>>> print(open('structure_31.cif').read())   # mmCIF, C-alpha atoms
data_work
#
loop_
_atom_site.label_atom_id
_atom_site.label_comp_id
_atom_site.auth_asym_id
_atom_site.auth_seq_id
_atom_site.Cartn_x
_atom_site.Cartn_y
_atom_site.Cartn_z
CA MET A 284 32.33 44.54 121.18
CA SER A 285 32.21 43.68 124.88
CA PHE A 286 33.31 41.06 127.37
CA ASP A 287 30.72 39.21 129.44
CA ALA A 288 33.20 39.06 132.32
CA PHE A 289 33.97 42.80 132.16
CA PRO A 290 30.76 44.54 131.05
CA TYR A 291 32.18 48.01 131.81
CA ALA A 292 35.27 47.49 129.62
CA GLN A 293 35.39 49.21 126.22
CA PRO A 294 37.91 47.11 124.28
CA LEU A 295 37.02 48.52 120.86
CA HIS A 296 37.30 52.15 121.99
CA GLY A 297 40.54 51.19 123.70
CA LEU A 298 41.97 49.52 120.60
CA ILE A 299 41.03 52.35 118.22
CA GLY A 300 42.29 54.97 120.67
CA GLY A 301 45.48 52.97 121.13
CA ILE A 302 46.04 52.79 117.37
CA LEU A 303 45.61 56.60 117.19
CA ILE A 304 48.18 56.99 119.99
CA GLY A 305 50.52 54.66 118.10
CA LEU A 306 50.08 56.66 114.90
CA ALA A 307 50.74 59.87 116.85
CA ALA A 308 53.96 58.44 118.28
CA ALA A 309 54.92 57.10 114.83
CA MET A 310 54.39 60.57 113.32
CA MET A 311 56.68 62.05 115.96
CA LEU A 312 59.32 59.38 115.36
CA LEU A 313 59.31 59.27 111.56
CA GLY A 314 58.39 62.94 111.04
CA ALA A 315 60.37 64.76 113.71
CA GLY A 316 62.84 62.02 114.66
CA ARG A 317 61.86 62.06 118.33
CA ILE A 318 60.17 60.09 121.09
CA ALA A 319 56.62 61.23 121.90
CA GLY A 320 57.24 61.16 125.64
CA VAL A 321 54.87 63.59 127.32
CA SER A 322 56.76 64.00 130.62
CA GLY A 323 60.05 64.73 128.85
CA ILE A 324 58.44 67.15 126.40
CA ALA A 325 56.59 68.94 129.24
CA ALA A 326 59.87 69.31 131.13
CA ARG A 327 61.54 70.62 127.97
CA ALA A 328 58.74 73.10 127.17
CA THR A 329 58.84 74.59 130.66
CA GLY A 330 62.63 74.82 130.71
CA ILE A 331 62.87 72.30 133.57
CA SER A 332 65.08 70.12 131.42
CA GLY A 333 67.45 70.92 128.58
CA GLY A 334 67.80 69.03 125.35
CA ASP A 335 67.90 69.82 121.68
CA MET A 336 64.14 69.81 121.01
CA SER A 337 63.06 73.31 119.96
CA MET A 338 60.57 75.17 122.16
CA THR A 339 58.31 75.50 119.10
CA SER A 340 58.18 71.73 118.69
CA ALA A 341 57.71 71.06 122.41
CA TRP A 342 54.88 73.57 122.84
CA GLY A 343 53.34 72.47 119.54
CA PHE A 344 53.06 68.89 120.76
CA LEU A 345 51.70 69.92 124.17
CA ALA A 346 49.11 72.24 122.58
CA GLY A 347 48.01 69.42 120.30
CA LEU A 348 47.00 67.18 123.21
CA PRO A 349 44.01 69.27 124.44
CA LEU A 350 43.08 70.18 120.84
CA GLY A 351 42.77 66.51 119.92
CA ALA A 352 40.89 65.80 123.14
CA LEU A 353 38.48 68.63 122.35
CA ALA A 354 37.82 67.27 118.85
CA ILE A 355 36.77 63.90 120.31
CA ALA A 356 34.71 65.47 123.11
CA LEU A 357 32.76 67.55 120.57
CA THR A 358 32.14 64.74 118.08
CA THR A 359 31.35 61.77 120.36
CA ASP A 360 29.07 61.19 123.34
CA TRP A 361 31.96 62.04 125.68
CA LYS A 362 31.03 62.56 129.33
CA ALA A 363 32.93 64.59 131.90
CA ALA A 364 35.15 62.48 134.14
CA GLY A 365 35.41 62.66 137.91
CA PHE A 366 38.71 63.76 139.46
CA ALA A 367 40.14 63.33 142.94
CA SER A 368 40.03 66.22 145.42
CA TRP A 369 42.76 68.84 144.96
CA PRO A 370 44.95 67.77 147.92
CA VAL A 371 45.01 64.23 146.51
CA LEU A 372 45.78 65.57 143.03
CA VAL A 373 48.65 67.68 144.40
CA ILE A 374 50.26 64.69 146.15
CA ALA A 375 49.81 62.54 143.05
CA GLY A 376 51.13 65.29 140.76
CA LEU A 377 54.27 65.79 142.85
CA LEU A 378 54.98 62.04 142.73
CA VAL A 379 54.31 61.85 138.98
CA GLY A 380 56.49 64.88 138.22
CA PHE A 381 59.41 63.83 140.42
CA GLY A 382 59.14 60.16 139.46
CA THR A 383 59.01 60.69 135.70
CA ARG A 384 62.15 62.87 135.80
CA MET A 385 64.00 60.43 138.03
CA GLY A 386 62.87 57.46 135.92
CA SER A 387 63.39 59.28 132.59
CA GLY A 388 59.85 58.81 131.30
CA CYS A 389 56.20 57.98 131.74
CA THR A 390 53.47 55.87 130.15
CA SER A 391 53.99 57.36 126.68
CA GLY A 392 57.80 57.46 126.48
CA HIS A 393 58.53 54.17 128.26
CA GLY A 394 55.18 52.34 127.95
CA VAL A 395 54.45 52.98 124.27
CA CYS A 396 57.64 54.18 122.54
CA GLY A 397 60.20 52.23 124.58
CA VAL A 398 58.36 48.93 124.97
CA SER A 399 57.64 48.80 121.20
CA ARG A 400 61.39 49.31 120.62
CA PHE A 401 62.11 46.39 123.02
CA SER A 402 64.19 48.74 125.18
CA GLN A 403 65.13 46.90 128.37
CA ARG A 404 65.12 50.15 130.35
CA SER A 405 61.59 50.96 129.20
CA MET A 406 60.28 47.44 129.79
CA LEU A 407 61.69 47.51 133.33
CA ALA A 408 60.26 51.00 133.94
CA THR A 409 56.83 49.99 132.59
CA ALA A 410 56.70 46.80 134.68
CA THR A 411 57.70 48.88 137.72
CA PHE A 412 55.13 51.66 137.35
CA ILE A 413 52.28 49.28 136.55
CA THR A 414 53.18 47.15 139.59
CA ALA A 415 53.44 50.25 141.80
CA GLY A 416 50.08 51.47 140.46
CA ILE A 417 48.40 48.11 141.14
CA VAL A 418 49.77 48.01 144.71
CA THR A 419 48.67 51.62 145.30
CA VAL A 420 45.12 51.11 144.03
CA SER A 421 44.79 47.83 145.93
CA LEU A 422 45.88 49.46 149.19
CA MET A 423 43.65 52.52 148.69
CA GLY A 424 40.62 50.72 147.36
CA ALA A 425 39.54 51.39 143.80
CA GLY A 426 37.12 54.20 144.64
CA GLY A 427 39.50 56.04 146.96
CA GLY A 428 41.30 58.50 144.74
CA ALA A 429 39.30 59.19 141.64
CA SER A 430 35.81 59.48 143.08
CA MET B 129 64.45 74.67 109.42
CA SER B 130 61.32 76.68 108.89
CA MET B 131 58.82 77.42 111.63
CA ALA B 132 56.19 75.21 109.96
CA ARG B 133 58.52 72.21 109.83
CA LYS B 134 59.31 72.63 113.53
CA LEU B 135 55.70 73.18 114.56
CA LEU B 136 53.42 71.09 112.37
CA PRO B 137 54.64 67.49 112.85
CA PRO B 138 54.67 67.78 116.68
CA LEU B 139 51.34 69.66 116.69
CA LEU B 140 49.62 67.04 114.51
CA SER B 141 51.21 64.25 116.56
CA GLY B 142 49.93 65.87 119.77
CA MET B 143 46.42 66.27 118.34
CA LEU B 144 46.27 62.63 117.27
CA PHE B 145 47.68 61.63 120.66
CA GLY B 146 45.07 63.68 122.55
CA ALA B 147 42.28 62.28 120.37
CA GLY B 148 43.45 58.72 121.03
CA LEU B 149 43.70 59.27 124.78
CA THR B 150 40.20 60.72 124.94
CA LEU B 151 38.55 58.16 122.65
CA SER B 152 40.12 55.27 124.57
CA GLY B 153 38.87 56.58 127.92
CA MET B 154 42.34 57.25 129.31
CA THR B 155 41.36 60.80 130.25
CA ASP B 156 38.90 59.24 132.74
CA PRO B 157 40.83 58.61 135.99
CA ALA B 158 38.25 56.03 137.11
CA ARG B 159 38.94 53.90 134.03
CA VAL B 160 42.70 54.08 134.52
CA ARG B 161 42.37 53.15 138.19
CA GLY B 162 40.01 50.36 137.11
CA PHE B 163 42.84 48.88 135.05
CA LEU B 164 45.14 48.96 138.07
CA ASP B 165 42.43 47.40 140.27
CA VAL B 166 43.36 43.84 139.27
CA PHE B 167 42.30 42.40 142.65
CA GLY B 168 38.93 44.17 142.55
CA ARG B 169 36.70 45.31 139.69
CA TRP B 170 39.35 44.96 136.96
CA ASP B 171 38.80 46.94 133.73
CA PRO B 172 41.05 45.55 130.95
CA THR B 173 40.45 48.49 128.53
CA LEU B 174 43.92 49.98 129.04
CA LEU B 175 45.47 46.69 127.88
CA PHE B 176 43.84 47.24 124.46
CA VAL B 177 45.06 50.85 124.39
CA ILE B 178 48.67 49.87 125.09
CA GLY B 179 48.39 46.88 122.72
CA GLY B 180 47.09 48.97 119.82
CA ALA B 181 49.69 51.69 120.37
CA VAL B 182 52.62 49.28 120.79
CA ILE B 183 51.75 47.29 117.63
CA VAL B 184 51.64 50.45 115.49
CA MET B 185 54.86 51.74 117.03
CA ALA B 186 56.66 48.40 116.59
CA ILE B 187 56.02 48.78 112.84
CA ALA B 188 57.18 52.41 112.99
CA TRP B 189 60.48 51.36 114.62
CA ARG B 190 61.09 48.89 111.78
CA ILE B 191 60.51 51.66 109.24
CA GLN B 192 62.74 53.99 111.27
CA SER B 193 65.61 51.48 111.16
CA ARG B 194 65.70 51.83 107.36
CA MET B 195 65.67 55.65 107.38
CA LYS B 196 68.74 57.88 107.50
CA SER B 197 66.90 60.96 108.72
CA PRO B 198 63.34 61.87 109.77
CA LEU B 199 60.95 63.19 107.10
CA PHE B 200 60.85 66.74 108.50
CA GLY B 201 64.16 67.05 110.34
CA GLN B 202 67.91 66.71 109.99
CA LYS B 203 68.57 63.76 112.29
CA PHE B 204 67.01 61.33 114.71
CA SER B 205 67.35 62.35 118.35
CA LEU B 206 66.57 59.21 120.33
CA PRO B 207 67.41 57.85 123.81
CA ASP B 208 70.45 55.59 123.68
CA ARG B 209 70.96 54.55 127.30
CA ARG B 210 70.98 50.82 128.03
CA ASP B 211 71.99 50.67 131.70
CA LEU B 212 69.42 49.48 134.23
CA ASP B 213 69.94 51.57 137.36
CA GLY B 214 68.26 52.25 140.68
CA ARG B 215 67.05 55.68 139.58
CA LEU B 216 65.05 54.13 136.75
CA ILE B 217 63.33 51.71 139.14
CA ALA B 218 62.85 54.13 142.04
CA GLY B 219 61.60 56.92 139.76
CA SER B 220 59.19 54.61 137.95
CA ALA B 221 57.91 53.29 141.29
CA LEU B 222 57.22 56.85 142.54
CA PHE B 223 55.50 57.66 139.26
CA GLY B 224 53.39 54.49 139.52
CA ILE B 225 52.27 55.40 143.05
CA GLY B 226 51.16 58.85 141.86
CA TRP B 227 49.48 57.31 138.81
CA GLY B 228 47.56 54.92 141.06
CA ILE B 229 46.53 57.60 143.56
CA ALA B 230 44.90 59.93 141.02
CA GLY B 231 44.49 57.80 137.87
CA LEU B 232 46.42 60.42 135.91
CA CYS B 233 49.70 60.36 134.00
CA PRO B 234 51.22 63.30 132.09
CA GLY B 235 49.55 62.76 128.67
CA PRO B 236 45.93 62.50 129.82
CA ALA B 237 46.55 65.29 132.35
CA VAL B 238 47.65 67.75 129.64
CA ALA B 239 44.86 66.59 127.31
CA SER B 240 42.33 67.17 130.11
CA LEU B 241 43.06 70.91 129.95
CA ALA B 242 40.43 70.98 127.18
CA LEU B 243 37.99 68.69 129.01
CA SER B 244 38.17 69.50 132.73
CA PRO B 245 40.62 72.41 133.04
CA LEU B 246 39.90 73.42 136.62
CA SER B 247 39.80 69.85 137.92
CA VAL B 248 43.15 68.89 136.40
CA LEU B 249 45.03 72.12 137.13
CA PRO B 250 46.21 71.20 140.68
CA PHE B 251 47.67 67.98 139.30
CA LEU B 252 49.53 69.73 136.45
CA VAL B 253 50.94 72.49 138.67
CA ALA B 254 52.10 69.90 141.21
CA MET B 255 53.56 67.73 138.43
CA LEU B 256 55.70 70.61 137.13
CA ALA B 257 56.67 71.43 140.74
CA GLY B 258 57.72 67.79 141.25
CA MET B 259 59.84 67.97 138.09
CA ALA B 260 61.44 71.21 139.28
CA VAL B 261 62.12 69.72 142.75
CA HIS B 262 63.91 66.84 141.04
CA ASN B 263 66.27 69.37 139.45
CA LEU B 264 67.30 70.63 142.91
CA PHE B 265 69.10 67.37 143.66
CA PRO B 266 72.78 67.21 142.69
CA GLY B 267 73.12 66.26 139.04
CA PRO B 268 75.19 63.09 139.20
CA MET B 269 72.93 61.72 141.93
CA LEU B 270 69.56 61.95 140.28
CA ARG B 271 69.40 63.67 136.94
CA PRO B 272 69.10 61.61 133.77
CA GLN B 273 72.40 61.91 131.94
CA ARG B 274 70.68 62.47 128.62
CA GLN B 275 67.40 63.87 127.43
CA GLY B 276 64.71 61.69 129.00
CA THR B 277 61.77 60.21 127.24
#
>>> encode(input="structure_31.cif", output="structure tokens")
Amino acid sequence: MSFDAFPYAQPLHGLIGGILIGLAAAMMLLGAGRIAGVSGIAARATGISGGDMSMTSAWGFLAGLPLGALAIALTTDWKAAGFASWPVLVIAGLLVGFGTRMGSGCTSGHGVCGVSRFSQRSMLATATFITAGIVTVSLMGAGGGAS
Amino acid sequence: MSMARKLLPPLLSGMLFGAGLTLSGMTDPARVRGFLDVFGRWDPTLLFVIGGAVIVMAIAWRIQSRMKSPLFGQKFSLPDRRDLDGRLIAGSALFGIGWGIAGLCPGPAVASLALSPLSVLPFLVAMLAGMAVHNLFPGPMLRPQRQGT
């Protein structure tokens, strides 16, 4: 499946991957009774934030992320991605860390779990971070950070 | 609650999550930045990722509303705030700027530890530092009142 207008897009991979992410978040919700929000769980696992999630659960979820990524990398024709230079990554990381604590969530917690719950807070947060991301990429030029 | 009940559901959820992120191309910063590049060479893939995930989760929320407790836990522990405040908007804007600069958000960054560990490490260390810096501000001013998502 491909779009003539966007030959580089991978809608089928995106949709299947998205369904897997949805199933993962559903497993967390229905199985453990929690939101699969990566920024909140990372803050919990490192002791940066409190909360009633056990350390075992928080570290279990975080450890699962690279394990699942590895399984796909080993079984598909996955290619290594390019990352920005380390000073750029440090600036971006500081903003992402500070911003996700201040805004109570990131793409997974607000964008997937909150939006699907029709949470007004999450819909406002998601609209805000997508808009901020679009403005940032437009000002930098698409190739600026990641290449 | 036994160790296995605490560990296995989150571990399996994380594995499925990491697999989905990698399969969908979200661990590739160039693809994420391509989605945000709406005025340039726009790549709509991320729209399908969010769409697929949100549809599945919308069904999960309907199931959740009929459940008294989670399958492997005593009670649901879910965000219950409804107020729209400046911190939510300002924090999300700062996050979006960082997301746009590097094409990385927390999930794909952690998943990338298995794919490009050395490349992603500066981002992850800085991300945790940014979270810790946030904690230095006086509580009532900045800190989420309840467990964040």
>>> residues_around(input="structure_31.cif", residues="Arg159 (chain B)", least_positions_apart="4", cutoff="12 Å", atoms="all atoms listed in the file", output="VMD selection string")
(chain A and resid 291 to 294 297 364 to 366 425 to 426 428 to 430) or (chain B and resid 149 to 150 152 to 155 163 to 165 169 to 175 177 228 230 to 232 236)
>>> write_last_selection(input="structure_31.cif", atoms="C-alpha atoms", output="PDB file, keeping the file's coordinate frame")
ATOM      1  CA  TYR A 291      32.180  48.010 131.810  1.00  0.00           C
ATOM      2  CA  ALA A 292      35.270  47.490 129.620  1.00  0.00           C
ATOM      3  CA  GLN A 293      35.390  49.210 126.220  1.00  0.00           C
ATOM      4  CA  PRO A 294      37.910  47.110 124.280  1.00  0.00           C
ATOM      5  CA  GLY A 297      40.540  51.190 123.700  1.00  0.00           C
ATOM      6  CA  ALA A 364      35.150  62.480 134.140  1.00  0.00           C
ATOM      7  CA  GLY A 365      35.410  62.660 137.910  1.00  0.00           C
ATOM      8  CA  PHE A 366      38.710  63.760 139.460  1.00  0.00           C
ATOM      9  CA  ALA A 425      39.540  51.390 143.800  1.00  0.00           C
ATOM     10  CA  GLY A 426      37.120  54.200 144.640  1.00  0.00           C
ATOM     11  CA  GLY A 428      41.300  58.500 144.740  1.00  0.00           C
ATOM     12  CA  ALA A 429      39.300  59.190 141.640  1.00  0.00           C
ATOM     13  CA  SER A 430      35.810  59.480 143.080  1.00  0.00           C
TER      14      SER A 430
ATOM     15  CA  LEU B 149      43.700  59.270 124.780  1.00  0.00           C
ATOM     16  CA  THR B 150      40.200  60.720 124.940  1.00  0.00           C
ATOM     17  CA  SER B 152      40.120  55.270 124.570  1.00  0.00           C
ATOM     18  CA  GLY B 153      38.870  56.580 127.920  1.00  0.00           C
ATOM     19  CA  MET B 154      42.340  57.250 129.310  1.00  0.00           C
ATOM     20  CA  THR B 155      41.360  60.800 130.250  1.00  0.00           C
ATOM     21  CA  PHE B 163      42.840  48.880 135.050  1.00  0.00           C
ATOM     22  CA  LEU B 164      45.140  48.960 138.070  1.00  0.00           C
ATOM     23  CA  ASP B 165      42.430  47.400 140.270  1.00  0.00           C
ATOM     24  CA  ARG B 169      36.700  45.310 139.690  1.00  0.00           C
ATOM     25  CA  TRP B 170      39.350  44.960 136.960  1.00  0.00           C
ATOM     26  CA  ASP B 171      38.800  46.940 133.730  1.00  0.00           C
ATOM     27  CA  PRO B 172      41.050  45.550 130.950  1.00  0.00           C
ATOM     28  CA  THR B 173      40.450  48.490 128.530  1.00  0.00           C
ATOM     29  CA  LEU B 174      43.920  49.980 129.040  1.00  0.00           C
ATOM     30  CA  LEU B 175      45.470  46.690 127.880  1.00  0.00           C
ATOM     31  CA  VAL B 177      45.060  50.850 124.390  1.00  0.00           C
ATOM     32  CA  GLY B 228      47.560  54.920 141.060  1.00  0.00           C
ATOM     33  CA  ALA B 230      44.900  59.930 141.020  1.00  0.00           C
ATOM     34  CA  GLY B 231      44.490  57.800 137.870  1.00  0.00           C
ATOM     35  CA  LEU B 232      46.420  60.420 135.910  1.00  0.00           C
ATOM     36  CA  PRO B 236      45.930  62.500 129.820  1.00  0.00           C
TER      37      PRO B 236
END
>>> closest_residue(input="structure_31.cif", among="B:Arg210, B:Arg215, B:Arg161, B:His262", to="Gly397 (chain A)", atoms="only C-alpha atoms")
B:Arg210
>>> atom_distance(input="structure_31.cif", atom1="CA of Phe200 (chain B)", atom2="CA of Gly314 (chain A)")
5.2 Å
>>> closest_residue(input="structure_31.cif", among="B:Pro207, B:Gly142, B:Gly214, B:Pro266", to="chain A", atoms="only C-alpha atoms")
B:Gly142
>>> axis_aligned_box(input="structure_31.cif", around="region 200-212 of chain B", padding_each_side="4 Å", output="AutoDock Vina command-line options")
--center_x 66.4 --center_y 58.3 --center_z 121.4 --size_x 19.1 --size_y 25.6 --size_z 33.7
>>> atom_distance(input="structure_31.cif", atom1="CA of Gly416 (chain A)", atom2="CA of Ala328 (chain A)")
26.8 Å
>>> resolve_selection(input="structure_31.cif", expression="the PyMOL selection byres ((chain A and resi 305) around 8)", output="PDB file with C-alpha atoms, in the coordinates of the input")
ATOM      1  CA  GLY A 301      45.480  52.970 121.130  1.00  0.00           C
ATOM      2  CA  ILE A 302      46.040  52.790 117.370  1.00  0.00           C
ATOM      3  CA  LEU A 303      45.610  56.600 117.190  1.00  0.00           C
ATOM      4  CA  ILE A 304      48.180  56.990 119.990  1.00  0.00           C
ATOM      5  CA  LEU A 306      50.080  56.660 114.900  1.00  0.00           C
ATOM      6  CA  ALA A 307      50.740  59.870 116.850  1.00  0.00           C
ATOM      7  CA  ALA A 308      53.960  58.440 118.280  1.00  0.00           C
ATOM      8  CA  ALA A 309      54.920  57.100 114.830  1.00  0.00           C
ATOM      9  CA  VAL A 395      54.450  52.980 124.270  1.00  0.00           C
TER      10      VAL A 395
ATOM     11  CA  PHE B 145      47.680  61.630 120.660  1.00  0.00           C
ATOM     12  CA  GLY B 180      47.090  48.970 119.820  1.00  0.00           C
ATOM     13  CA  ALA B 181      49.690  51.690 120.370  1.00  0.00           C
ATOM     14  CA  VAL B 182      52.620  49.280 120.790  1.00  0.00           C
ATOM     15  CA  ILE B 183      51.750  47.290 117.630  1.00  0.00           C
ATOM     16  CA  VAL B 184      51.640  50.450 115.490  1.00  0.00           C
ATOM     17  CA  MET B 185      54.860  51.740 117.030  1.00  0.00           C
TER      18      MET B 185
END
>>> closest_residue(input="structure_31.cif", among="B:Pro250, B:Pro137, B:Ala132, B:Phe176", to="Pro198 (chain B)", atoms="all atoms listed in the file")
B:Pro137
>>> resolve_selection(input="structure_31.cif", expression="the PyMOL selection byres ((chain B and resi 134) around 12)", output="VMD selection string")
(chain A and resid 311 314 to 317 336 to 344) or (chain B and resid 129 to 133 135 to 140 199 to 202)
>>> write_last_selection(input="structure_31.cif", atoms="C-alpha atoms", output="PDB file, keeping the file's coordinate frame")
ATOM      1  CA  MET A 311      56.680  62.050 115.960  1.00  0.00           C
ATOM      2  CA  GLY A 314      58.390  62.940 111.040  1.00  0.00           C
ATOM      3  CA  ALA A 315      60.370  64.760 113.710  1.00  0.00           C
ATOM      4  CA  GLY A 316      62.840  62.020 114.660  1.00  0.00           C
ATOM      5  CA  ARG A 317      61.860  62.060 118.330  1.00  0.00           C
ATOM      6  CA  MET A 336      64.140  69.810 121.010  1.00  0.00           C
ATOM      7  CA  SER A 337      63.060  73.310 119.960  1.00  0.00           C
ATOM      8  CA  MET A 338      60.570  75.170 122.160  1.00  0.00           C
ATOM      9  CA  THR A 339      58.310  75.500 119.100  1.00  0.00           C
ATOM     10  CA  SER A 340      58.180  71.730 118.690  1.00  0.00           C
ATOM     11  CA  ALA A 341      57.710  71.060 122.410  1.00  0.00           C
ATOM     12  CA  TRP A 342      54.880  73.570 122.840  1.00  0.00           C
ATOM     13  CA  GLY A 343      53.340  72.470 119.540  1.00  0.00           C
ATOM     14  CA  PHE A 344      53.060  68.890 120.760  1.00  0.00           C
TER      15      PHE A 344
ATOM     16  CA  MET B 129      64.450  74.670 109.420  1.00  0.00           C
ATOM     17  CA  SER B 130      61.320  76.680 108.890  1.00  0.00           C
ATOM     18  CA  MET B 131      58.820  77.420 111.630  1.00  0.00           C
ATOM     19  CA  ALA B 132      56.190  75.210 109.960  1.00  0.00           C
ATOM     20  CA  ARG B 133      58.520  72.210 109.830  1.00  0.00           C
ATOM     21  CA  LEU B 135      55.700  73.180 114.560  1.00  0.00           C
ATOM     22  CA  LEU B 136      53.420  71.090 112.370  1.00  0.00           C
ATOM     23  CA  PRO B 137      54.640  67.490 112.850  1.00  0.00           C
ATOM     24  CA  PRO B 138      54.670  67.780 116.680  1.00  0.00           C
ATOM     25  CA  LEU B 139      51.340  69.660 116.690  1.00  0.00           C
ATOM     26  CA  LEU B 140      49.620  67.040 114.510  1.00  0.00           C
ATOM     27  CA  LEU B 199      60.950  63.190 107.100  1.00  0.00           C
ATOM     28  CA  PHE B 200      60.850  66.740 108.500  1.00  0.00           C
ATOM     29  CA  GLY B 201      64.160  67.050 110.340  1.00  0.00           C
ATOM     30  CA  GLN B 202      67.910  66.710 109.990  1.00  0.00           C
TER      31      GLN B 202
END
>>> atom_distance(input="structure_31.cif", atom1="CA of Ser193 (chain B)", atom2="CA of Gly351 (chain A)")
28.7 Å
>>> closest_residue(input="structure_31.cif", among="A:Gly300, A:Ala288, A:Leu313, A:Val420", to="Arg194 (chain B)", atoms="only C-alpha atoms")
A:Leu313
>>> residues_near_point(input="structure_31.cif", point="(44.5, 70.2, 128.2)", cutoff="10 Å", atoms="only C-alpha atoms", output="PyMOL selection string")
(chain A and resi 345-353) or (chain B and resi 146+235-245+248-249+252)
>>> resolve_selection(input="structure_31.cif", expression="the PyMOL selection byres ((chain B and resi 254) around 9)", output="ChimeraX atom specification")
/A:372-380 /B:249-253,255-259
>>> decode(input="structure_31.cif", residues="region 357-377 of chain A", atoms="C-alpha atoms", output="PDB file, in the first residue's frame")
ATOM      1  CA  LEU A 357      16.000  -8.958  13.936  1.00  0.00           C
ATOM      2  CA  THR A 358      12.988 -10.256  12.003  1.00  0.00           C
ATOM      3  CA  THR A 359      12.400  -7.495   9.418  1.00  0.00           C
ATOM      4  CA  ASP A 360      14.585  -5.584   6.973  1.00  0.00           C
ATOM      5  CA  TRP A 361      15.059  -2.849   9.584  1.00  0.00           C
ATOM      6  CA  LYS A 362      17.750  -0.269   8.813  1.00  0.00           C
ATOM      7  CA  ALA A 363      19.652   1.859  11.305  1.00  0.00           C
ATOM      8  CA  ALA A 364      18.257   5.365  11.640  1.00  0.00           C
ATOM      9  CA  GLY A 365      20.211   8.607  11.620  1.00  0.00           C
ATOM     10  CA  PHE A 366      20.262  10.733  14.778  1.00  0.00           C
ATOM     11  CA  ALA A 367      21.090  14.378  15.355  1.00  0.00           C
ATOM     12  CA  SER A 368      24.497  15.376  16.750  1.00  0.00           C
ATOM     13  CA  TRP A 369      24.859  15.011  20.522  1.00  0.00           C
ATOM     14  CA  PRO A 370      24.604  18.737  21.389  1.00  0.00           C
ATOM     15  CA  VAL A 371      21.310  18.884  19.473  1.00  0.00           C
ATOM     16  CA  LEU A 372      20.116  15.698  21.200  1.00  0.00           C
ATOM     17  CA  VAL A 373      20.994  17.140  24.621  1.00  0.00           C
ATOM     18  CA  ILE A 374      19.005  20.340  24.005  1.00  0.00           C
ATOM     19  CA  ALA A 375      16.063  18.337  22.660  1.00  0.00           C
ATOM     20  CA  GLY A 376      16.241  15.844  25.540  1.00  0.00           C
ATOM     21  CA  LEU A 377      16.216  18.602  28.168  1.00  0.00           C
TER      22      LEU A 377
END
